[in-house]
Amino acid sequence: MRYIPHTADDRAAMLAAIGLSDTLSLFGDIPAAARLGRPLRVPGPLTEMELQATMRRDAAQNRSVEDLVCFLGGQFYDRFIPAAVGALAGRGEFATSYTPYQPELSQGTLAAIYEFQSMMAGLTGLAAAQASMYDGASAVAEAALLAMDTTQRLTVVMDRGVFPESRQVAATYVTARGGRVVVPAPDQSLEELLASLAEPPAAVVVQQPDVLGRVRDLRPLAAWAHERGALAMAAADPVALALIEPPGRMGFDVVVGEGQPLGNGLQYGGPTFGFFCVQDALVRRLPGRVVGATQDGAHKRGYVLTLQAREQHIRRERATSNICSNHSLNALQATIYLALLGPEGLREVARLSTAKAHYVVDRLTALPGFARMAPDAPYLFEVALTVPGSVADLNRHLLDRGILGGWDMGRWDRAWAGGWQLAVTEQRTRAELDQLVEAVASWR
């Protein structure tokens with residue numbers, strides 16, 4: 001039988017408190033055309049065998065990257081995950097309490113998080129990292145709030161090259177705190193926008209590599225921000241950082257990003273984790289948890305939650321941030337992945353992905369009507385192309401041939417209509433790259 005804890009009177013009282021007459025009013029903002037308008041067509045009672053057969057049949061209608069050759073990117077990538085990652089992360093030792101407030105009971109969890117923080121700080125070129133965020137977009141948003149709190153300013157400038165989902169999430173957070181996110185117009189450069197500002201912003205946020213795939217020298221931007229008392233922030237791809245100079249070494253104050261490419265599966269878009277790294281002066285403003293190394297009374301190394309009072313996690317009015325959790329299992333998978341590969345292994349993953357991307361892009365841009373959207377900028381393993389026709393039509397053509405094509409950038413922004421964002425990982429073989437080119441050449 002169903003367990004519904006609230007009585008009809010309980011529900012009526014709650015609705016009355018918020019000024020609504022019935023439960024359906026809670027969904028009033030959803031257009032009527034988007035609502036089902038009828039009960040779900042759910043079959044009657046099934047035996048366990050019948051239920052399993054039904055679920056297998058329904059699941060077989062899905063097609064995943066196990067069935068298709070994937071060229072989708074946009075911060076989530078079809079990268080190879082060594083079997084040891086899942087085998088080690090799934091061990092019972094890591095199935096510990098959710099919140100490691102009692103260090104004497106949580107040394108294994110705290111040690112793993114400490115290693116994660118150390119690896120991410122090294123990868124981004126900064127002094128410290130926290131214990132992981134929900135995802136890359138919320139990390140960008142929390143970075144914007146950190147900048148507002150640090151500078152006591154309300155404007156955060158974000159380059160158009162920052163992934164649109166991150167900009168949207170950040171705008172939601174910042175607006176709720178009385179601030180605003182400013183983005184260059186489609187025909188305006190970031191430098192032109194910065195020059196037009198009446199007052200300096202709290203922060204300037206860029207993506208490295210950006211949504212078009214461009215890899216840029218960010219030193220001038222960091223210098224501009226620091227001359228005006230603003231923070232320089234970058235959202236970065238962690239695999240790309242194995243090949244290019246980390247923003248932290250270019251003078252950036254904060255580097256955040258999506259961690260899925262590090263040993264985490266696509267998982268229907270989540271859960272994953274975000275990373276958040278800062279320079280020394282900002283360590284006490286980090287959102288979420290920070291694990292530190294210490295010594296016990298016998299001078300043995302140990303680990304604790306540090307630099308923050310417990311109120312950070314349980315008393316909203318005293319918290320520097322209202323994030324109180326971390327995706328430690330996903331971060332653990334990244335830690336194992338990075339430990340298995342080491343610096344040279346991660347660099348080889350990035351190098352292979354880049355070499356394969358350049359091979360296929362050179363062949364695609366030799367086809368009539370295909371060109372890079374940022375032809376003069378260097379790129380790694382993700383790049384935006386213009387196509388001679390409908391991107392949606394091209395992707396349908398590819399799907400019929402077992403290929404998951406690139407992202408239709410017009411779905412992000414009308415200014416990018418006709419843009420096709422293509423991502424190539426180390427998993428793609430030369431035969432698959434040639435298959436993509438041949439399929440594209442047969443289009444139209």
# chains A, B, ... in the order shown; residues from 1 in each chain; ligands from 1
>>> residues_around(residues="Pro368 of chain A", least_positions_apart="5", cutoff="12 Å", atoms="only C-alpha atoms", output="number ranges by chain")
A: 363, 386-389, 440-444
>>> residues_around(residues="segment 418-435 of chain A", least_positions_apart="6", cutoff="7 Å", atoms="only C-alpha atoms", output="list of chain:residue names")
A:Phe71, A:Leu72, A:Gly73, A:Asp78, A:Arg79, A:Phe80, A:Val349, A:Leu352, A:Ser353, A:Lys356, A:Ala357, A:Val360, A:Phe381, A:Glu382, A:Val383, A:Ala384, A:Leu385, A:Thr386, A:Val387, A:Gly389, A:Ser390, A:Val391, A:Gly406, A:Trp407, A:Asp408, A:Met409, A:Gly410
>>> write_last_selection(atoms="N, CA and C atoms", output="tab-separated table (two decimals), in the first residue's frame")
chain	number	residue	atom	x	y	z
A	71	PHE	N	30.37	11.86	-30.87
A	71	PHE	CA	31.14	13.08	-31.07
A	71	PHE	C	30.54	14.26	-30.30
A	72	LEU	N	29.68	13.96	-29.34
A	72	LEU	CA	29.11	15.01	-28.49
A	72	LEU	C	30.10	15.41	-27.40
A	73	GLY	N	30.07	16.68	-27.04
A	73	GLY	CA	30.93	17.18	-25.97
A	73	GLY	C	30.18	18.15	-25.09
A	78	ASP	N	32.77	11.27	-23.88
A	78	ASP	CA	32.82	9.81	-23.91
A	78	ASP	C	34.27	9.37	-23.82
A	79	ARG	N	34.84	9.47	-22.62
A	79	ARG	CA	36.24	9.10	-22.42
A	79	ARG	C	36.34	7.69	-21.86
A	80	PHE	N	37.51	7.11	-22.05
A	80	PHE	CA	37.75	5.74	-21.57
A	80	PHE	C	37.98	5.77	-20.06
A	349	VAL	N	46.37	11.15	-22.93
A	349	VAL	CA	44.94	11.19	-23.26
A	349	VAL	C	44.61	12.48	-24.00
A	352	LEU	N	46.36	12.46	-27.57
A	352	LEU	CA	45.67	11.60	-28.53
A	352	LEU	C	44.36	12.22	-28.99
A	353	SER	N	43.60	12.76	-28.04
A	353	SER	CA	42.33	13.39	-28.39
A	353	SER	C	42.55	14.55	-29.35
A	356	LYS	N	43.62	13.37	-32.93
A	356	LYS	CA	42.49	12.80	-33.66
A	356	LYS	C	41.50	13.88	-34.07
A	357	ALA	N	41.30	14.88	-33.20
A	357	ALA	CA	40.40	15.98	-33.55
A	357	ALA	C	40.94	16.75	-34.75
A	360	VAL	N	40.38	14.78	-38.07
A	360	VAL	CA	39.02	14.75	-38.63
A	360	VAL	C	38.56	16.15	-39.03
A	381	PHE	N	40.74	19.31	-28.55
A	381	PHE	CA	39.91	18.18	-28.98
A	381	PHE	C	38.44	18.52	-29.13
A	382	GLU	N	38.10	19.77	-29.01
A	382	GLU	CA	36.72	20.21	-29.23
A	382	GLU	C	36.75	21.47	-30.06
A	383	VAL	N	35.87	21.55	-31.06
A	383	VAL	CA	35.92	22.68	-31.98
A	383	VAL	C	34.53	22.91	-32.56
A	384	ALA	N	34.24	24.18	-32.86
A	384	ALA	CA	32.95	24.54	-33.45
A	384	ALA	C	33.12	24.78	-34.95
A	385	LEU	N	32.26	24.13	-35.75
A	385	LEU	CA	32.28	24.27	-37.20
A	385	LEU	C	30.97	24.88	-37.68
A	386	THR	N	31.00	25.57	-38.79
A	386	THR	CA	29.77	25.95	-39.47
A	386	THR	C	29.49	24.91	-40.54
A	387	VAL	N	28.18	24.63	-40.75
A	387	VAL	CA	27.79	23.62	-41.72
A	387	VAL	C	26.86	24.23	-42.74
A	389	GLY	N	23.83	24.12	-43.97
A	389	GLY	CA	22.46	23.63	-43.85
A	389	GLY	C	22.07	23.46	-42.41
A	390	SER	N	21.03	22.71	-42.18
A	390	SER	CA	20.50	22.51	-40.84
A	390	SER	C	21.36	21.52	-40.05
A	391	VAL	N	21.82	21.95	-38.89
A	391	VAL	CA	22.60	21.07	-38.03
A	391	VAL	C	21.74	19.90	-37.55
A	406	GLY	N	27.77	16.09	-33.47
A	406	GLY	CA	28.10	17.17	-32.55
A	406	GLY	C	26.87	17.96	-32.10
A	407	TRP	N	27.10	18.90	-31.20
A	407	TRP	CA	26.02	19.68	-30.61
A	407	TRP	C	25.55	20.78	-31.57
A	408	ASP	N	24.24	20.94	-31.66
A	408	ASP	CA	23.64	22.01	-32.46
A	408	ASP	C	23.72	23.30	-31.64
A	409	MET	N	24.67	24.16	-31.96
A	409	MET	CA	24.93	25.34	-31.14
A	409	MET	C	23.81	26.37	-31.20
A	410	GLY	N	22.98	26.30	-32.23
A	410	GLY	CA	21.84	27.20	-32.30
A	410	GLY	C	20.85	26.97	-31.17
>>> residues_around(residues="Val174 of chain A", least_positions_apart="5", cutoff="9 Å", atoms="only C-alpha atoms", output="PDB file with N, CA and C atoms, in the first residue's frame")
ATOM      1  N   ALA A 141      28.873  29.194 -10.638  1.00  0.00           N
ATOM      2  CA  ALA A 141      27.957  30.058  -9.892  1.00  0.00           C
ATOM      3  C   ALA A 141      28.510  30.400  -8.511  1.00  0.00           C
ATOM      4  N   GLU A 142      29.047  29.408  -7.811  1.00  0.00           N
ATOM      5  CA  GLU A 142      29.615  29.658  -6.487  1.00  0.00           C
ATOM      6  C   GLU A 142      30.850  30.556  -6.582  1.00  0.00           C
ATOM      7  N   ALA A 144      31.183  32.971  -8.721  1.00  0.00           N
ATOM      8  CA  ALA A 144      30.643  34.318  -8.883  1.00  0.00           C
ATOM      9  C   ALA A 144      30.235  34.901  -7.521  1.00  0.00           C
ATOM     10  N   LEU A 145      29.610  34.082  -6.673  1.00  0.00           N
ATOM     11  CA  LEU A 145      29.222  34.558  -5.344  1.00  0.00           C
ATOM     12  C   LEU A 145      30.450  34.871  -4.500  1.00  0.00           C
ATOM     13  N   MET A 148      31.677  38.262  -5.481  1.00  0.00           N
ATOM     14  CA  MET A 148      30.825  39.332  -4.957  1.00  0.00           C
ATOM     15  C   MET A 148      31.094  39.574  -3.482  1.00  0.00           C
ATOM     16  N   LEU A 154      28.680  44.021  -7.246  1.00  0.00           N
ATOM     17  CA  LEU A 154      27.492  43.269  -7.641  1.00  0.00           C
ATOM     18  C   LEU A 154      27.476  42.824  -9.104  1.00  0.00           C
ATOM     19  N   THR A 155      28.481  43.202  -9.880  1.00  0.00           N
ATOM     20  CA  THR A 155      28.502  42.850 -11.301  1.00  0.00           C
ATOM     21  C   THR A 155      29.568  41.799 -11.582  1.00  0.00           C
ATOM     22  N   VAL A 156      29.155  40.722 -12.262  1.00  0.00           N
ATOM     23  CA  VAL A 156      30.084  39.672 -12.683  1.00  0.00           C
ATOM     24  C   VAL A 156      30.043  39.609 -14.213  1.00  0.00           C
ATOM     25  N   VAL A 169      23.140  29.154 -14.894  1.00  0.00           N
ATOM     26  CA  VAL A 169      23.112  28.809 -13.476  1.00  0.00           C
ATOM     27  C   VAL A 169      23.707  29.948 -12.642  1.00  0.00           C
ATOM     28  N   GLY A 179      22.738  40.738  -7.422  1.00  0.00           N
ATOM     29  CA  GLY A 179      23.743  41.123  -8.403  1.00  0.00           C
ATOM     30  C   GLY A 179      23.272  40.897  -9.820  1.00  0.00           C
ATOM     31  N   ARG A 180      24.196  40.987 -10.767  1.00  0.00           N
ATOM     32  CA  ARG A 180      23.862  40.757 -12.171  1.00  0.00           C
ATOM     33  C   ARG A 180      25.054  40.160 -12.898  1.00  0.00           C
ATOM     34  N   VAL A 181      24.743  39.330 -13.877  1.00  0.00           N
ATOM     35  CA  VAL A 181      25.752  38.771 -14.765  1.00  0.00           C
ATOM     36  C   VAL A 181      25.660  39.509 -16.091  1.00  0.00           C
TER      37      VAL A 181
END
>>> select_by_dssp(residues="segment 88-328 of chain A", states="alpha helix (DSSP H)", output="VMD selection string")
chain A and resid 88 to 89 107 to 124 136 to 151 164 to 176 190 to 196 219 to 227 311 to 314 328
>>> residues_around(residues="Met158 of chain A", least_positions_apart="2", cutoff="6 Å", atoms="only C-alpha atoms", output="VMD selection string")
chain A and resid 183 204 to 205
>>> closest_residue(among="A:Glu115, A:Asp67, A:Glu48, A:Asp29", to="Ile336 of chain A", atoms="only C-alpha atoms")
A:Glu115
>>> select_by_dssp(residues="segment 100-171 of chain A", states="strand (DSSP E)", output="VMD selection string")
chain A and resid 128 to 129 155 to 158
>>> closest_atom_pairs(of="segment 25-129 of chain A", to="segment 266-289 of chain A", cutoff="12 Å", atoms="only C-alpha atoms", output="JSON lines")
{"residue": "A:Asn62", "atom": "CA", "partner": "A:Tyr268", "partner_atom": "CA", "distance": 11.5}
{"residue": "A:Arg63", "atom": "CA", "partner": "A:Tyr268", "partner_atom": "CA", "distance": 11.6}
{"residue": "A:Ser64", "atom": "CA", "partner": "A:Tyr268", "partner_atom": "CA", "distance": 9.4}
{"residue": "A:Val65", "atom": "CA", "partner": "A:Leu266", "partner_atom": "CA", "distance": 9.0}
{"residue": "A:Glu66", "atom": "CA", "partner": "A:Leu266", "partner_atom": "CA", "distance": 11.1}
{"residue": "A:Cys70", "atom": "CA", "partner": "A:Leu266", "partner_atom": "CA", "distance": 11.5}
{"residue": "A:Leu72", "atom": "CA", "partner": "A:Leu266", "partner_atom": "CA", "distance": 10.9}
{"residue": "A:Gly73", "atom": "CA", "partner": "A:Leu266", "partner_atom": "CA", "distance": 10.4}
{"residue": "A:Gly74", "atom": "CA", "partner": "A:Gly269", "partner_atom": "CA", "distance": 11.0}
{"residue": "A:Gln75", "atom": "CA", "partner": "A:Gly269", "partner_atom": "CA", "distance": 10.0}
{"residue": "A:Phe76", "atom": "CA", "partner": "A:Leu266", "partner_atom": "CA", "distance": 6.6}
{"residue": "A:Tyr77", "atom": "CA", "partner": "A:Leu266", "partner_atom": "CA", "distance": 7.0}
{"residue": "A:Asp78", "atom": "CA", "partner": "A:Leu266", "partner_atom": "CA", "distance": 6.9}
{"residue": "A:Arg79", "atom": "CA", "partner": "A:Leu266", "partner_atom": "CA", "distance": 8.9}
{"residue": "A:Phe80", "atom": "CA", "partner": "A:Leu266", "partner_atom": "CA", "distance": 10.9}
{"residue": "A:Ile81", "atom": "CA", "partner": "A:Leu266", "partner_atom": "CA", "distance": 10.8}
{"residue": "A:Thr99", "atom": "CA", "partner": "A:Arg289", "partner_atom": "CA", "distance": 10.1}
{"residue": "A:Pro100", "atom": "CA", "partner": "A:Arg289", "partner_atom": "CA", "distance": 10.0}
{"residue": "A:Tyr101", "atom": "CA", "partner": "A:Arg289", "partner_atom": "CA", "distance": 10.3}
{"residue": "A:Leu110", "atom": "CA", "partner": "A:Arg289", "partner_atom": "CA", "distance": 10.5}
{"residue": "A:Ile113", "atom": "CA", "partner": "A:Arg289", "partner_atom": "CA", "distance": 9.7}
{"residue": "A:Tyr114", "atom": "CA", "partner": "A:Arg289", "partner_atom": "CA", "distance": 10.6}
{"residue": "A:Phe116", "atom": "CA", "partner": "A:Phe275", "partner_atom": "CA", "distance": 9.5}
{"residue": "A:Gln117", "atom": "CA", "partner": "A:Cys277", "partner_atom": "CA", "distance": 8.3}
{"residue": "A:Ser118", "atom": "CA", "partner": "A:Cys277", "partner_atom": "CA", "distance": 9.9}
{"residue": "A:Met119", "atom": "CA", "partner": "A:Cys277", "partner_atom": "CA", "distance": 10.5}
{"residue": "A:Met120", "atom": "CA", "partner": "A:Cys277", "partner_atom": "CA", "distance": 7.2}
{"residue": "A:Ala121", "atom": "CA", "partner": "A:Cys277", "partner_atom": "CA", "distance": 6.0}
{"residue": "A:Gly122", "atom": "CA", "partner": "A:Cys277", "partner_atom": "CA", "distance": 9.5}
{"residue": "A:Leu123", "atom": "CA", "partner": "A:Cys277", "partner_atom": "CA", "distance": 9.6}
{"residue": "A:Thr124", "atom": "CA", "partner": "A:Cys277", "partner_atom": "CA", "distance": 7.2}
{"residue": "A:Gly125", "atom": "CA", "partner": "A:Cys277", "partner_atom": "CA", "distance": 8.7}
{"residue": "A:Leu126", "atom": "CA", "partner": "A:Gln279", "partner_atom": "CA", "distance": 5.4}
{"residue": "A:Ala127", "atom": "CA", "partner": "A:Gln279", "partner_atom": "CA", "distance": 5.0}
{"residue": "A:Ala128", "atom": "CA", "partner": "A:Val278", "partner_atom": "CA", "distance": 5.6}
{"residue": "A:Ala129", "atom": "CA", "partner": "A:Cys277", "partner_atom": "CA", "distance": 4.1}
>>> write_last_selection(atoms="N, CA and C atoms", output="short mmCIF file (atom, residue, chain, number, x, y, z; two decimals), in the first residue's frame")
data_model
loop_
_atom_site.label_atom_id
_atom_site.label_comp_id
_atom_site.auth_asym_id
_atom_site.auth_seq_id
_atom_site.Cartn_x
_atom_site.Cartn_y
_atom_site.Cartn_z
N ASN A 62 16.31 2.55 -25.96
CA ASN A 62 17.36 3.57 -25.81
C ASN A 62 18.60 3.18 -26.60
N ARG A 63 19.33 4.21 -27.07
CA ARG A 63 20.63 3.99 -27.71
C ARG A 63 21.64 4.86 -26.99
N SER A 64 22.74 4.28 -26.62
CA SER A 64 23.73 5.00 -25.83
C SER A 64 25.05 5.05 -26.56
N VAL A 65 26.07 5.59 -25.89
CA VAL A 65 27.40 5.63 -26.49
C VAL A 65 28.00 4.23 -26.61
N GLU A 66 27.37 3.24 -25.99
CA GLU A 66 27.81 1.86 -26.20
C GLU A 66 27.37 1.35 -27.57
N CYS A 70 30.31 8.33 -30.71
CA CYS A 70 29.93 9.61 -30.08
C CYS A 70 30.92 10.73 -30.39
N LEU A 72 29.68 13.96 -29.34
CA LEU A 72 29.11 15.01 -28.49
C LEU A 72 30.10 15.41 -27.40
N GLY A 73 30.07 16.68 -27.04
CA GLY A 73 30.93 17.18 -25.97
C GLY A 73 30.18 18.15 -25.09
N GLY A 74 30.67 19.39 -25.03
CA GLY A 74 30.00 20.39 -24.22
C GLY A 74 30.15 20.13 -22.73
N GLN A 75 31.34 19.78 -22.27
CA GLN A 75 31.74 19.52 -20.89
C GLN A 75 31.51 18.07 -20.44
N PHE A 76 30.77 17.28 -21.22
CA PHE A 76 30.56 15.86 -20.91
C PHE A 76 31.09 15.05 -22.09
N TYR A 77 32.02 14.12 -21.82
CA TYR A 77 32.74 13.47 -22.91
C TYR A 77 32.77 11.96 -22.74
N ASP A 78 32.77 11.27 -23.88
CA ASP A 78 32.82 9.81 -23.91
C ASP A 78 34.27 9.37 -23.82
N ARG A 79 34.84 9.47 -22.62
CA ARG A 79 36.24 9.10 -22.42
C ARG A 79 36.34 7.69 -21.86
N PHE A 80 37.51 7.11 -22.05
CA PHE A 80 37.75 5.74 -21.57
C PHE A 80 37.98 5.77 -20.06
N ILE A 81 37.32 4.85 -19.36
CA ILE A 81 37.48 4.74 -17.90
C ILE A 81 38.06 3.37 -17.59
N THR A 99 28.64 12.38 6.10
CA THR A 99 29.35 13.58 6.51
C THR A 99 30.51 13.22 7.43
N PRO A 100 31.76 13.46 7.03
CA PRO A 100 32.92 13.04 7.84
C PRO A 100 33.28 14.04 8.93
N TYR A 101 32.31 14.40 9.78
CA TYR A 101 32.61 15.34 10.85
C TYR A 101 33.46 14.71 11.95
N LEU A 110 38.51 11.02 4.47
CA LEU A 110 39.21 12.30 4.50
C LEU A 110 40.54 12.23 3.75
N ILE A 113 39.79 12.43 0.03
CA ILE A 113 39.42 13.79 -0.37
C ILE A 113 40.64 14.70 -0.39
N TYR A 114 41.54 14.52 0.59
CA TYR A 114 42.76 15.32 0.63
C TYR A 114 43.60 15.09 -0.63
N PHE A 116 42.45 14.13 -3.51
CA PHE A 116 41.71 14.78 -4.60
C PHE A 116 42.02 16.27 -4.65
N GLN A 117 41.95 16.92 -3.49
CA GLN A 117 42.23 18.36 -3.45
C GLN A 117 43.64 18.66 -3.94
N SER A 118 44.60 17.85 -3.50
CA SER A 118 46.00 18.07 -3.89
C SER A 118 46.18 17.93 -5.40
N MET A 119 45.53 16.91 -5.98
CA MET A 119 45.65 16.69 -7.42
C MET A 119 45.02 17.84 -8.21
N MET A 120 43.84 18.31 -7.78
CA MET A 120 43.17 19.37 -8.52
C MET A 120 43.91 20.70 -8.39
N ALA A 121 44.47 20.97 -7.23
CA ALA A 121 45.26 22.18 -7.06
C ALA A 121 46.48 22.15 -7.99
N GLY A 122 47.14 21.00 -8.06
CA GLY A 122 48.28 20.88 -8.96
C GLY A 122 47.90 21.01 -10.41
N LEU A 123 46.76 20.44 -10.78
CA LEU A 123 46.33 20.46 -12.18
C LEU A 123 45.97 21.88 -12.63
N THR A 124 45.40 22.68 -11.74
CA THR A 124 44.95 24.03 -12.10
C THR A 124 46.01 25.09 -11.85
N GLY A 125 47.09 24.73 -11.16
CA GLY A 125 48.16 25.69 -10.89
C GLY A 125 47.84 26.64 -9.76
N LEU A 126 46.99 26.23 -8.82
CA LEU A 126 46.62 27.08 -7.70
C LEU A 126 47.00 26.44 -6.37
N ALA A 127 46.79 27.19 -5.28
CA ALA A 127 47.30 26.76 -3.99
C ALA A 127 46.43 25.72 -3.31
N ALA A 128 45.12 25.80 -3.50
CA ALA A 128 44.22 24.95 -2.71
C ALA A 128 42.95 24.64 -3.49
N ALA A 129 42.30 23.55 -3.08
CA ALA A 129 41.02 23.15 -3.66
C ALA A 129 40.11 22.70 -2.52
#
>>> closest_residue(among="A:Trp416, A:Gly213, A:Ala137, A:Lys300", to="His358 of chain A", atoms="only C-alpha atoms")
A:Gly213
>>> closest_atom_pairs(of="segment 151-212 of chain A", to="segment 220-238 of chain A", cutoff="10 Å", atoms="only C-alpha atoms", output="CSV")
residue,atom,partner,partner_atom,distance
A:Thr151,CA,A:Ala230,CA,6.9
A:Arg153,CA,A:Ala230,CA,8.9
A:Val156,CA,A:Ala230,CA,9.4
A:Met158,CA,A:Met233,CA,9.4
A:Val162,CA,A:Ala235,CA,7.4
A:Phe163,CA,A:Ala235,CA,8.9
A:Ser166,CA,A:Ala235,CA,9.1
A:Leu190,CA,A:Leu221,CA,9.6
A:Glu191,CA,A:Leu221,CA,8.6
A:Leu194,CA,A:Trp224,CA,9.2
A:Glu199,CA,A:Arg228,CA,9.1
A:Pro200,CA,A:Arg228,CA,6.1
A:Pro201,CA,A:Ala230,CA,6.1
A:Ala202,CA,A:Ala230,CA,5.0
A:Ala203,CA,A:Leu231,CA,4.5
A:Val204,CA,A:Ala232,CA,5.3
A:Val205,CA,A:Met233,CA,4.7
A:Val206,CA,A:Ala234,CA,4.9
A:Gln207,CA,A:Ala235,CA,4.7
A:Gln208,CA,A:Ala236,CA,4.8
A:Pro209,CA,A:Ala236,CA,6.6
A:Asp210,CA,A:Ala236,CA,8.3
>>> closest_residue(among="A:Gly345, A:Pro261, A:Gly402, A:Gly178", to="Asp135 of chain A", atoms="only C-alpha atoms")
A:Pro261
>>> atom_distance(atom1="atom CA of Leu436 of chain A", atom2="atom CA of His397 of chain A")
10.9 Å
>>> atom_distance(atom1="atom CA of Asp253 of chain A", atom2="atom CA of Thr175 of chain A")
22.5 Å
